[in-house]
file entry06.cif (mmCIF, C-alpha atoms and all ligand atoms)
data_target
loop_
_atom_site.label_atom_id
_atom_site.label_comp_id
_atom_site.auth_asym_id
_atom_site.auth_seq_id
_atom_site.Cartn_x
_atom_site.Cartn_y
_atom_site.Cartn_z
CA MET A 1 -30.24 -21.36 -16.75
CA THR A 2 -29.15 -22.26 -13.25
CA HIS A 3 -25.62 -21.06 -12.71
CA PRO A 4 -23.22 -23.35 -10.88
CA ALA A 5 -22.49 -22.30 -7.31
CA THR A 6 -19.30 -20.26 -6.95
CA ALA A 7 -16.48 -21.38 -4.69
CA GLN A 8 -16.97 -20.78 -1.01
CA ARG A 9 -13.71 -18.89 -0.80
CA ILE A 10 -15.20 -15.90 -2.63
CA ALA A 11 -18.42 -15.81 -0.59
CA THR A 12 -17.26 -12.78 1.40
CA PHE A 13 -15.71 -10.91 -1.55
CA GLY A 14 -17.79 -7.89 -2.49
CA THR A 15 -16.96 -4.90 -4.67
CA THR A 16 -14.01 -2.95 -3.28
CA ILE A 17 -14.72 0.36 -1.63
CA PHE A 18 -12.44 1.99 -4.25
CA THR A 19 -14.60 0.73 -7.10
CA GLU A 20 -17.76 1.88 -5.34
CA MET A 21 -16.47 5.36 -4.50
CA SER A 22 -14.81 5.93 -7.89
CA ALA A 23 -18.05 4.97 -9.70
CA LEU A 24 -19.94 7.39 -7.47
CA ALA A 25 -17.33 10.10 -8.10
CA LEU A 26 -17.73 9.62 -11.85
CA ALA A 27 -21.53 9.69 -11.65
CA HIS A 28 -21.45 13.00 -9.71
CA ASN A 29 -18.49 14.59 -11.47
CA ALA A 30 -16.75 14.72 -8.11
CA VAL A 31 -13.11 15.57 -7.42
CA ASN A 32 -11.73 12.14 -6.63
CA LEU A 33 -9.48 12.21 -3.57
CA GLY A 34 -10.59 8.67 -2.81
CA GLN A 35 -8.64 6.19 -4.88
CA GLY A 36 -4.91 6.29 -4.25
CA PHE A 37 -3.27 7.07 -7.55
CA PRO A 38 -1.69 10.18 -9.06
CA ASP A 39 -3.70 12.30 -11.50
CA PHE A 40 -0.44 13.83 -12.77
CA VAL A 41 1.94 12.29 -15.31
CA GLY A 42 4.97 10.17 -14.49
CA PRO A 43 8.48 11.52 -15.24
CA ASP A 44 9.72 11.73 -18.84
CA PHE A 45 12.83 9.60 -18.21
CA VAL A 46 10.54 6.78 -17.09
CA LYS A 47 7.95 7.14 -19.86
CA ASN A 48 10.67 7.43 -22.52
CA ALA A 49 12.24 4.22 -21.25
CA ALA A 50 8.95 2.40 -21.86
CA VAL A 51 8.69 3.73 -25.40
CA ALA A 52 12.32 2.74 -26.05
CA ALA A 53 11.74 -0.78 -24.70
CA VAL A 54 8.77 -1.35 -27.01
CA GLN A 55 10.68 0.12 -29.97
CA ALA A 56 13.63 -2.14 -29.17
CA ASP A 57 11.26 -5.08 -29.66
CA LEU A 58 11.39 -6.30 -26.11
CA ASN A 59 7.87 -7.53 -26.64
CA GLN A 60 7.89 -11.28 -26.06
CA TYR A 61 7.51 -13.27 -22.83
CA ALA A 62 9.95 -12.35 -20.11
CA PRO A 63 11.79 -15.04 -18.14
CA MET A 64 9.55 -16.37 -15.34
CA PRO A 65 11.59 -14.86 -12.43
CA GLY A 66 11.82 -11.48 -14.20
CA LEU A 67 14.19 -9.68 -16.57
CA PRO A 68 17.81 -9.88 -15.34
CA SER A 69 18.20 -6.11 -15.97
CA LEU A 70 15.35 -5.32 -13.56
CA ARG A 71 16.54 -7.76 -10.92
CA GLN A 72 19.99 -6.16 -11.10
CA ALA A 73 18.50 -2.66 -10.73
CA ILE A 74 16.49 -3.81 -7.69
CA ALA A 75 19.57 -5.43 -6.14
CA ALA A 76 21.61 -2.24 -6.66
CA THR A 77 18.85 -0.11 -5.13
CA TRP A 78 18.57 -2.55 -2.21
CA ALA A 79 22.32 -2.25 -1.59
CA ASP A 80 22.04 1.58 -1.64
CA ARG A 81 19.20 1.45 0.89
CA THR A 82 20.31 -1.30 3.25
CA GLY A 83 24.03 -1.81 2.65
CA ARG A 84 23.36 -5.49 1.93
CA GLU A 85 24.61 -7.00 -1.34
CA ILE A 86 22.05 -9.48 -2.60
CA ASP A 87 22.11 -11.94 -5.47
CA PRO A 88 19.89 -10.51 -8.22
CA LEU A 89 19.41 -13.94 -9.75
CA ALA A 90 18.37 -15.77 -6.60
CA ASP A 91 17.08 -13.17 -4.12
CA VAL A 92 14.67 -11.19 -6.33
CA SER A 93 11.47 -12.20 -8.09
CA ILE A 94 9.30 -10.03 -10.35
CA SER A 95 5.50 -10.15 -10.62
CA SER A 96 2.63 -8.07 -11.98
CA GLY A 97 2.49 -5.48 -9.22
CA ALA A 98 2.83 -5.77 -5.46
CA THR A 99 -0.72 -7.12 -5.56
CA GLU A 100 0.35 -10.26 -7.37
CA VAL A 101 3.45 -10.71 -5.20
CA LEU A 102 1.33 -10.61 -2.04
CA CYS A 103 -1.10 -13.18 -3.43
CA ASN A 104 1.80 -15.41 -4.57
CA ILE A 105 3.33 -15.25 -1.09
CA MET A 106 0.06 -16.26 0.60
CA LEU A 107 -0.45 -19.13 -1.83
CA ALA A 108 3.14 -20.22 -1.31
CA PHE A 109 3.22 -20.19 2.51
CA VAL A 110 -0.27 -20.35 3.99
CA ASN A 111 -1.92 -23.73 4.55
CA PRO A 112 -5.64 -24.10 5.29
CA GLY A 113 -6.15 -23.12 8.92
CA ASP A 114 -2.99 -20.98 9.16
CA GLY A 115 -3.23 -17.51 10.68
CA VAL A 116 -1.64 -14.33 9.30
CA VAL A 117 -1.12 -11.42 11.68
CA MET A 118 -1.93 -8.02 10.16
CA PHE A 119 -2.57 -4.58 11.55
CA GLU A 120 -6.02 -3.19 10.93
CA PRO A 121 -7.00 -0.97 9.21
CA ALA A 122 -5.43 -3.16 6.51
CA TYR A 123 -4.97 -2.60 2.78
CA ASP A 124 -8.01 -4.17 1.21
CA ALA A 125 -6.29 -7.03 -0.66
CA TYR A 126 -4.66 -8.55 2.43
CA GLN A 127 -7.56 -10.46 3.92
CA PRO A 128 -8.84 -11.83 0.58
CA ASP A 129 -5.31 -13.02 -0.25
CA VAL A 130 -5.15 -14.92 3.03
CA ILE A 131 -8.64 -16.34 2.50
CA MET A 132 -7.79 -17.49 -1.04
CA ALA A 133 -4.92 -19.46 0.46
CA GLY A 134 -7.30 -21.04 3.00
CA GLY A 135 -5.96 -19.13 5.99
CA HIS A 136 -7.42 -16.50 8.27
CA ALA A 137 -6.39 -13.01 9.32
CA ILE A 138 -5.38 -12.33 12.92
CA PRO A 139 -6.02 -8.59 13.22
CA VAL A 140 -4.15 -6.29 15.58
CA ARG A 141 -5.87 -2.96 15.94
CA LEU A 142 -4.23 0.39 15.19
CA TYR A 143 -5.71 3.31 17.13
CA PRO A 144 -5.68 6.94 15.97
CA PRO A 145 -3.57 9.53 17.81
CA ASP A 146 -4.92 10.64 21.20
CA ALA A 147 -3.83 12.65 24.23
CA GLN A 148 -1.13 10.09 25.09
CA HIS A 149 0.02 9.15 21.58
CA SER A 150 1.19 11.54 18.87
CA GLY A 151 0.57 8.97 16.12
CA TRP A 152 -1.33 5.81 15.21
CA HIS A 153 -0.49 3.16 17.80
CA TYR A 154 -1.32 -0.35 18.98
CA ASP A 155 -1.43 -2.26 22.20
CA ASP A 156 1.75 -4.29 22.60
CA ALA A 157 -0.06 -6.99 24.59
CA ALA A 158 -2.54 -7.40 21.71
CA LEU A 159 0.36 -7.82 19.29
CA GLU A 160 2.00 -10.44 21.48
CA ALA A 161 -1.35 -12.23 21.91
CA ALA A 162 -1.65 -12.38 18.11
CA PHE A 163 1.80 -13.97 17.85
CA ALA A 164 0.90 -16.36 20.65
CA GLN A 165 -1.73 -17.81 18.29
CA ARG A 166 1.24 -19.24 16.36
CA PRO A 167 0.59 -17.54 13.01
CA LYS A 168 2.41 -18.60 9.86
CA LEU A 169 3.17 -15.06 8.73
CA LEU A 170 3.16 -11.46 9.81
CA LEU A 171 2.00 -9.09 7.07
CA LEU A 172 3.20 -5.56 7.76
CA ASN A 173 2.70 -2.42 5.68
CA THR A 174 4.99 0.55 6.31
CA PRO A 175 4.49 3.37 5.34
CA HIS A 176 0.93 2.35 5.99
CA ASN A 177 -2.17 2.67 3.86
CA PRO A 178 -4.72 3.99 4.88
CA THR A 179 -3.35 5.65 8.05
CA GLY A 180 -0.09 7.23 6.79
CA LYS A 181 1.72 5.66 9.76
CA VAL A 182 5.45 4.94 9.44
CA PHE A 183 6.42 2.21 11.89
CA SER A 184 9.20 3.49 14.15
CA ALA A 185 12.57 1.88 14.89
CA SER A 186 11.40 0.71 18.31
CA GLU A 187 8.14 -0.72 16.93
CA LEU A 188 10.03 -2.60 14.23
CA GLN A 189 12.56 -3.82 16.78
CA ARG A 190 9.72 -5.27 18.85
CA ILE A 191 8.07 -6.83 15.79
CA ALA A 192 11.41 -8.40 14.84
CA GLU A 193 11.78 -9.80 18.34
CA LEU A 194 8.28 -11.35 18.20
CA CYS A 195 8.91 -12.85 14.74
CA GLN A 196 12.05 -14.52 16.07
CA THR A 197 10.57 -15.64 19.39
CA TYR A 198 7.54 -17.23 17.72
CA ASN A 199 9.40 -18.31 14.56
CA VAL A 200 7.15 -16.34 12.23
CA LEU A 201 8.04 -15.23 8.68
CA ALA A 202 7.54 -11.54 7.92
CA VAL A 203 6.07 -10.06 4.75
CA VAL A 204 6.58 -6.31 4.49
CA ASP A 205 4.70 -4.25 1.93
CA GLU A 206 6.87 -1.19 1.29
CA VAL A 207 5.21 0.31 -1.80
CA TYR A 208 5.31 3.79 -0.21
CA ASP A 209 8.90 3.54 1.05
CA ARG A 210 10.02 6.69 -0.83
CA LEU A 211 7.16 8.79 0.55
CA VAL A 212 8.18 9.61 4.12
CA TYR A 213 7.95 13.12 5.57
CA ASP A 214 9.63 15.40 8.10
CA GLN A 215 11.55 13.59 10.85
CA HIS A 216 10.13 10.16 10.00
CA GLN A 217 12.32 7.52 8.46
CA HIS A 218 11.57 4.34 6.58
CA ILE A 219 13.38 1.38 8.09
CA HIS A 220 13.45 -1.95 6.27
CA LEU A 221 12.41 -4.69 8.69
CA ALA A 222 14.71 -7.01 6.71
CA SER A 223 17.69 -4.87 7.72
CA LEU A 224 17.26 -5.53 11.47
CA PRO A 225 19.47 -8.18 13.09
CA GLY A 226 18.19 -11.71 12.45
CA MET A 227 15.48 -10.54 10.05
CA TRP A 228 16.97 -10.94 6.55
CA GLU A 229 16.59 -14.72 6.81
CA ARG A 230 12.87 -14.53 7.60
CA THR A 231 11.60 -11.47 5.71
CA MET A 232 10.01 -11.09 2.28
CA THR A 233 10.04 -7.44 1.23
CA VAL A 234 7.47 -6.41 -1.36
CA ASN A 235 7.64 -3.27 -3.46
CA SER A 236 6.57 -1.98 -6.86
CA ILE A 237 7.21 0.71 -9.41
CA GLY A 238 3.73 2.27 -9.44
CA LYS A 239 3.69 4.68 -6.49
CA THR A 240 7.35 5.69 -6.60
CA PHE A 241 7.34 6.60 -10.27
CA SER A 242 3.70 7.73 -10.60
CA VAL A 243 2.88 4.96 -13.09
CA THR A 244 0.40 2.81 -11.16
CA GLY A 245 -0.93 1.30 -14.40
CA TRP A 246 2.37 -0.44 -15.15
CA LYS A 247 1.88 -3.09 -12.47
CA ILE A 248 5.51 -4.12 -12.04
CA GLY A 249 6.19 -5.45 -8.54
CA TRP A 250 8.85 -7.51 -6.84
CA CYS A 251 9.87 -9.47 -3.80
CA VAL A 252 13.33 -9.35 -2.21
CA ALA A 253 14.17 -12.22 0.15
CA PRO A 254 16.69 -15.02 0.66
CA ALA A 255 16.79 -17.54 -2.21
CA LYS A 256 14.92 -20.24 -0.32
CA LEU A 257 11.89 -17.99 0.26
CA ILE A 258 12.09 -16.57 -3.27
CA SER A 259 11.93 -20.02 -4.82
CA ALA A 260 8.58 -20.59 -3.06
CA VAL A 261 7.26 -17.25 -4.34
CA ARG A 262 8.32 -18.20 -7.87
CA ALA A 263 6.62 -21.57 -7.51
CA THR A 264 3.21 -19.86 -7.30
CA HIS A 265 4.03 -16.95 -9.62
CA GLN A 266 4.80 -19.40 -12.42
CA TRP A 267 1.21 -20.68 -12.33
CA VAL A 268 -0.50 -17.33 -11.75
CA THR A 269 0.93 -15.13 -14.52
CA PHE A 270 4.20 -16.91 -15.36
CA ALA A 271 5.72 -13.85 -17.05
CA THR A 272 5.22 -10.15 -16.39
CA SER A 273 5.20 -7.45 -19.11
CA THR A 274 8.66 -7.42 -20.74
CA PRO A 275 8.88 -3.80 -21.95
CA MET A 276 7.54 -2.44 -18.66
CA GLN A 277 10.10 -4.49 -16.74
CA GLN A 278 12.88 -3.08 -18.92
CA ALA A 279 11.55 0.46 -18.44
CA SER A 280 11.35 -0.14 -14.69
CA ALA A 281 15.00 -1.21 -14.71
CA VAL A 282 15.94 2.07 -16.40
CA ALA A 283 13.77 4.04 -13.95
CA LEU A 284 15.42 2.45 -10.91
CA ASN A 285 18.95 2.72 -12.30
CA ASP A 286 18.58 6.37 -13.35
CA ALA A 287 16.86 7.34 -10.10
CA ARG A 288 19.90 6.13 -8.13
CA HIS A 289 21.86 9.12 -9.49
CA ASN A 290 19.58 11.77 -11.01
CA GLY A 291 18.04 13.31 -7.86
CA TYR A 292 14.59 11.93 -8.66
CA TYR A 293 13.78 10.73 -5.15
CA ASP A 294 14.58 14.15 -3.62
CA GLN A 295 12.37 15.84 -6.16
CA LEU A 296 9.59 13.32 -5.53
CA ILE A 297 9.54 13.95 -1.80
CA SER A 298 9.69 17.70 -2.19
CA GLU A 299 6.73 17.65 -4.60
CA TYR A 300 4.73 15.33 -2.35
CA SER A 301 5.52 17.47 0.70
CA ALA A 302 4.01 20.48 -1.08
CA ARG A 303 0.88 18.50 -2.02
CA ARG A 304 0.53 17.27 1.54
CA ILE A 305 0.75 20.81 2.92
CA GLN A 306 -1.81 22.01 0.39
CA LEU A 307 -4.33 19.30 1.29
CA ASN A 308 -3.70 19.69 5.02
CA THR A 309 -4.38 23.42 4.76
CA ILE A 310 -7.64 22.74 2.92
CA LEU A 311 -8.78 20.11 5.39
CA ARG A 312 -7.77 22.14 8.46
CA ALA A 313 -9.90 25.01 7.15
CA THR A 314 -12.96 22.76 7.62
CA GLY A 315 -12.28 22.78 11.35
CA LEU A 316 -12.33 18.97 11.49
CA PRO A 317 -9.50 17.24 13.39
CA LEU A 318 -6.83 16.11 10.91
CA ILE A 319 -4.48 13.15 11.19
CA ASP A 320 -1.41 14.05 9.17
CA ALA A 321 0.66 11.58 7.15
CA GLU A 322 4.05 10.42 8.42
CA GLY A 323 4.39 8.61 5.10
CA SER A 324 2.40 7.43 2.03
CA TYR A 325 0.00 9.92 0.40
CA PHE A 326 -3.02 9.73 2.68
CA VAL A 327 -4.34 11.91 5.47
CA SER A 328 -7.59 11.46 7.33
CA VAL A 329 -10.11 13.64 9.11
CA ASP A 330 -12.36 12.87 12.01
CA VAL A 331 -15.93 13.49 10.88
CA ALA A 332 -17.53 12.76 14.27
CA PRO A 333 -17.82 16.51 15.10
CA LEU A 334 -20.28 16.82 12.19
CA GLY A 335 -22.67 14.49 14.02
CA VAL A 336 -22.11 11.77 11.42
CA SER A 337 -23.36 8.37 12.55
CA ASP A 338 -21.93 6.29 9.67
CA VAL A 339 -18.71 7.35 7.89
CA ARG A 340 -19.57 5.28 4.82
CA VAL A 341 -22.80 7.23 4.41
CA PHE A 342 -20.88 10.47 4.99
CA CYS A 343 -18.35 9.61 2.25
CA ARG A 344 -21.15 8.75 -0.18
CA ARG A 345 -22.96 12.00 0.61
CA LEU A 346 -19.77 14.06 0.43
CA THR A 347 -19.30 12.69 -3.08
CA SER A 348 -22.87 13.10 -4.30
CA GLU A 349 -23.83 16.33 -2.51
CA LEU A 350 -20.56 18.25 -2.34
CA GLY A 351 -18.58 16.64 -5.19
CA VAL A 352 -15.52 15.44 -3.26
CA ALA A 353 -14.75 11.71 -3.04
CA SER A 354 -12.89 10.19 -0.10
CA ILE A 355 -12.70 6.69 1.40
CA PRO A 356 -14.23 5.68 4.75
CA ILE A 357 -11.47 4.31 6.98
CA PRO A 358 -13.85 1.72 8.55
CA ALA A 359 -13.78 -0.08 5.17
CA PHE A 360 -10.21 -1.12 6.01
CA TYR A 361 -11.07 -2.61 9.41
CA LEU A 362 -11.82 -6.30 9.65
CA ALA A 363 -13.97 -5.96 12.77
CA PRO A 364 -16.59 -3.40 13.90
CA GLY A 365 -15.79 -0.43 16.13
CA ALA A 366 -13.60 1.52 13.69
CA PRO A 367 -12.98 5.25 14.18
CA ALA A 368 -15.12 7.77 12.27
CA LEU A 369 -12.42 8.84 9.84
CA ALA A 370 -12.44 9.63 6.14
CA ARG A 371 -9.24 9.19 4.11
CA PHE A 372 -8.16 11.77 1.53
CA CYS A 373 -5.40 11.21 -1.03
CA PHE A 374 -2.96 13.99 -1.95
CA ALA A 375 -1.37 12.32 -4.98
CA LYS A 376 -3.16 14.95 -7.01
CA LYS A 377 -2.36 18.06 -9.06
CA ALA A 378 -2.46 21.38 -7.20
CA THR A 379 -5.48 22.34 -9.34
CA THR A 380 -7.33 19.16 -8.32
CA LEU A 381 -6.65 19.79 -4.65
CA ALA A 382 -7.70 23.43 -5.04
CA ALA A 383 -10.97 22.35 -6.70
CA ALA A 384 -11.67 20.03 -3.76
CA GLY A 385 -10.84 22.88 -1.38
CA GLU A 386 -13.29 25.17 -3.08
CA ARG A 387 -16.09 22.59 -2.71
CA LEU A 388 -15.19 21.82 0.90
CA THR A 389 -15.82 25.43 1.87
CA ARG A 390 -19.52 24.47 1.72
CA LEU A 391 -19.09 21.50 4.11
CA HIS A 392 -20.95 23.18 6.96
CA ASP A 393 -23.90 24.21 4.75
CA ILE A 394 -25.08 20.60 4.86
CA ASP A 395 -26.79 18.82 7.73
CA TRP A 396 -24.72 15.64 8.09
CA THR A 397 -26.76 14.31 10.99
CA SER A 398 -29.79 13.45 8.87
C1 LIG B 401 -0.35 -0.84 0.68
C2 LIG B 401 -0.47 -1.18 -0.75
N1 LIG B 401 0.06 -2.33 -1.20
C3 LIG B 401 -0.02 -2.69 -2.50
C4 LIG B 401 -0.66 -1.88 -3.42
C5 LIG B 401 -0.76 -2.34 -4.84
O1 LIG B 401 0.45 -2.16 -5.52
P1 LIG B 401 0.56 -2.54 -7.06
O2 LIG B 401 -0.16 -1.51 -7.85
O3 LIG B 401 2.02 -2.56 -7.32
O4 LIG B 401 -0.06 -3.89 -7.25
C6 LIG B 401 -1.24 -0.68 -3.00
C7 LIG B 401 -1.97 0.18 -3.96
O5 LIG B 401 -2.73 1.04 -3.59
C8 LIG B 401 -1.13 -0.32 -1.64
O6 LIG B 401 -1.67 0.82 -1.18
#
call {"tool": "encode", "arguments": {"input": "entry06.cif", "output": "structure tokens"}}
result
Amino acid sequence: MTHPATAQRIATFGTTIFTEMSALALAHNAVNLGQGFPDFVGPDFVKNAAVAAVQADLNQYAPMPGLPSLRQAIAATWADRTGREIDPLADVSISSGATEVLCNIMLAFVNPGDGVVMFEPAYDAYQPDVIMAGGHAIPVRLYPPDAQHSGWHYDDAALEAAFAQRPKLLLLNTPHNPTGKVFSASELQRIAELCQTYNVLAVVDEVYDRLVYDQHQHIHLASLPGMWERTMTVNSIGKTFSVTGWKIGWCVAPAKLISAVRATHQWVTFATSTPMQQASAVALNDARHNGYYDQLISEYSARRIQLNTILRATGLPLIDAEGSYFVSVDVAPLGVSDVRVFCRRLTSELGVASIPIPAFYLAPGAPALARFCFAKKATTLAAAGERLTRLHDIDWTS
């Protein structure tokens, strides 16, 4: 049988690098520090809330914009974080993970031919979301730390040139996957200024907002002067509460923007899992008072130090995380010519999976970095460390 031709919009969509590396990790029984999810369990107060919600028979369709209890919990958390009181009924919309929210936003705002500014490396869903809406990405390159810059950085003129192309949206991710960069107050100030000068709406993906280390601080772009009116802030329950399989996400924005997001959400999934929304409401409400966020950051700080120690022992230059749960190493000193090949070989020959950073760049010329995830048990990290002691036994140049 001759199959009908698929739509042109998916012509560039391959298998994600996460799927490829995780399958390889499984095939070689590798320690998987590639895909970004915890291999430890979520907290009992969160899991128990899910069981209770199912037992309470909250098992039918949720209202399209989301359960009122969850929208109230998000509004209360937003007020704690930003000092701004928002209307939980009008300014919050729930979807099936940040992934769905981002797609809904693109479908709601991007017309064919519209540009969307995004920093590259970019989380892998961003460009396909823009393409599905008929738009195109306008990449602005992030460069790794160097002698002049202590962290990942970009060229301000390149950012302004991207805005000068009159994009429809800016899509920003802070803390940033895959680099671990946390955009600073002055960078966000500048981005806010450009959004206002060029009349661009901002979409900020903040799924790692609770994972910020040392002196770094997460600042909500929406909290800067003049930005509430033009910012859609995206977040989800998965990373913060170590339950990435729940897929409960949300958007916080002024009512007018939210109604557009709901317009697409209603035809994509319509309603998101009711019991998991209720459990997410309990998680957010309890976490406001039970010390959970402090415990989370202290546990993640310990994991980060453990992985950094392991990676530093290899002698390869390490780029530490300011936020999120990713660090990267420069594999160029090993004589590696292709980081993707290196990551495949590291998985199959040494039994440690990572993700090649070039997979997140939209254009060639990416740095030779491999990303490692520390959302893992101490025993998992130790097992990877043990295997990495044999890194230099292999000829990586071949
Ligand atoms: C930057 C970023 N945004 C969004 C997501 C997806 O979030 P969710 O699981 O809530 O759809 C991820 C997951 O890895 C991510 O790293």
call {"tool": "closest_residue", "arguments": {"input": "entry06.cif", "among": "A:Pro128, A:Gly66, A:Tyr293, A:Gly36", "to": "Thr12 in chain A", "atoms": "only C-alpha atoms"}}
result
A:Pro128
call {"tool": "closest_residue", "arguments": {"input": "entry06.cif", "among": "A:Met118, A:Ala164, A:Ile310, A:Leu318", "to": "ligand LIG 401 (chain B)", "atoms": "all atoms listed in the file"}}
result
A:Met118
call {"tool": "atom_distance", "arguments": {"input": "entry06.cif", "atom1": "CA of Phe18 in chain A", "atom2": "CA of Val130 in chain A"}}
result
19.8 Å
call {"tool": "residues_around", "arguments": {"input": "entry06.cif", "residues": "range 235-238 of chain A", "least_positions_apart": "5", "cutoff": "7 Å", "atoms": "all atoms listed in the file", "output": "ChimeraX atom specification"}}
result
/A:97-98,205-207,243-251,280
call {"tool": "closest_residue", "arguments": {"input": "entry06.cif", "among": "A:Leu369, A:Asn29, A:Asp156, A:Gln165", "to": "Asp338 in chain A", "atoms": "all atoms listed in the file"}}
result
A:Leu369
call {"tool": "closest_residue", "arguments": {"input": "entry06.cif", "among": "A:Met276, A:Val329, A:Leu346, A:Ala353", "to": "Asp57 in chain A", "atoms": "only C-alpha atoms"}}
result
A:Met276
call {"tool": "residues_near_point", "arguments": {"input": "entry06.cif", "point": "(11.1, 5.4, -10.1)", "cutoff": "9 Å", "atoms": "all atoms listed in the file", "output": "VMD selection string"}}
result
chain A and resid 42 to 43 46 237 to 243 280 to 287 292 to 293
call {"tool": "closest_residue", "arguments": {"input": "entry06.cif", "among": "A:His176, A:Lys168, A:His149, A:Arg190", "to": "Arg230 in chain A", "atoms": "only C-alpha atoms"}}
result
A:Lys168
call {"tool": "residues_around", "arguments": {"input": "entry06.cif", "residues": "Leu257 in chain A", "least_positions_apart": "6", "cutoff": "12 Å", "atoms": "all atoms listed in the file", "output": "PyMOL selection string"}}
result
chain A and resi 90-93+104-106+108-109+201-203+228-233+251+263-264
call {"tool": "residues_near_point", "arguments": {"input": "entry06.cif", "point": "(7.5, -11.7, -23.7)", "cutoff": "7 Å", "atoms": "only C-alpha atoms", "output": "JSON, numbers by chain"}}
result
{"A": [59, 60, 61, 62, 273, 274]}
call {"tool": "write_last_selection", "arguments": {"input": "entry06.cif", "atoms": "C-alpha atoms", "output": "PDB file, in the frame of the given file"}}
result
ATOM      1  CA  ASN A  59       7.870  -7.530 -26.640  1.00  0.00           C
ATOM      2  CA  GLN A  60       7.890 -11.280 -26.060  1.00  0.00           C
ATOM      3  CA  TYR A  61       7.510 -13.270 -22.830  1.00  0.00           C
ATOM      4  CA  ALA A  62       9.950 -12.350 -20.110  1.00  0.00           C
ATOM      5  CA  SER A 273       5.200  -7.450 -19.110  1.00  0.00           C
ATOM      6  CA  THR A 274       8.660  -7.420 -20.740  1.00  0.00           C
TER       7      THR A 274
END
call {"tool": "closest_residue", "arguments": {"input": "entry06.cif", "among": "A:Asn111, A:Thr174, A:Thr15, A:Ser150", "to": "ligand LIG 401 (chain B)", "atoms": "only C-alpha atoms and all ligand atoms"}}
result
A:Thr174
call {"tool": "residues_around", "arguments": {"input": "entry06.cif", "residues": "His265 in chain A", "least_positions_apart": "4", "cutoff": "8 Å", "atoms": "all atoms listed in the file", "output": "ChimeraX atom specification"}}
result
/A:64,95,100-101,104,261,269-270
call {"tool": "residues_around", "arguments": {"input": "entry06.cif", "residues": "His218 in chain A", "least_positions_apart": "3", "cutoff": "7 Å", "atoms": "all atoms listed in the file", "output": "PDB file with C-alpha atoms, keeping the file's coordinate frame"}}
result
ATOM      1  CA  VAL A 182       5.450   4.940   9.440  1.00  0.00           C
ATOM      2  CA  ASP A 209       8.900   3.540   1.050  1.00  0.00           C
ATOM      3  CA  VAL A 212       8.180   9.610   4.120  1.00  0.00           C
TER       4      VAL A 212
END
call {"tool": "atom_distance", "arguments": {"input": "entry06.cif", "atom1": "CA of Ala368 in chain A", "atom2": "CA of Pro317 in chain A"}}
result
11.1 Å
call {"tool": "atom_distance", "arguments": {"input": "entry06.cif", "atom1": "CA of Tyr300 in chain A", "atom2": "CA of Pro275 in chain A"}}
result
27.7 Å
call {"tool": "residues_around", "arguments": {"input": "entry06.cif", "residues": "Ala76 in chain A", "least_positions_apart": "3", "cutoff": "12 Å", "atoms": "all atoms listed in the file", "output": "short mmCIF file (atom, residue, chain, number, x, y, z; two decimals) with C-alpha atoms, in the coordinates of the input"}}
result
data_model
loop_
_atom_site.label_atom_id
_atom_site.label_comp_id
_atom_site.auth_asym_id
_atom_site.auth_seq_id
_atom_site.Cartn_x
_atom_site.Cartn_y
_atom_site.Cartn_z
CA SER A 69 18.20 -6.11 -15.97
CA LEU A 70 15.35 -5.32 -13.56
CA ARG A 71 16.54 -7.76 -10.92
CA GLN A 72 19.99 -6.16 -11.10
CA ALA A 73 18.50 -2.66 -10.73
CA ALA A 79 22.32 -2.25 -1.59
CA ASP A 80 22.04 1.58 -1.64
CA ARG A 81 19.20 1.45 0.89
CA THR A 82 20.31 -1.30 3.25
CA GLY A 83 24.03 -1.81 2.65
CA ARG A 84 23.36 -5.49 1.93
CA GLU A 85 24.61 -7.00 -1.34
CA ILE A 86 22.05 -9.48 -2.60
CA ASP A 87 22.11 -11.94 -5.47
CA PRO A 88 19.89 -10.51 -8.22
CA VAL A 92 14.67 -11.19 -6.33
CA VAL A 252 13.33 -9.35 -2.21
CA ALA A 281 15.00 -1.21 -14.71
CA LEU A 284 15.42 2.45 -10.91
CA ASN A 285 18.95 2.72 -12.30
CA ASP A 286 18.58 6.37 -13.35
CA ALA A 287 16.86 7.34 -10.10
CA ARG A 288 19.90 6.13 -8.13
CA HIS A 289 21.86 9.12 -9.49
#
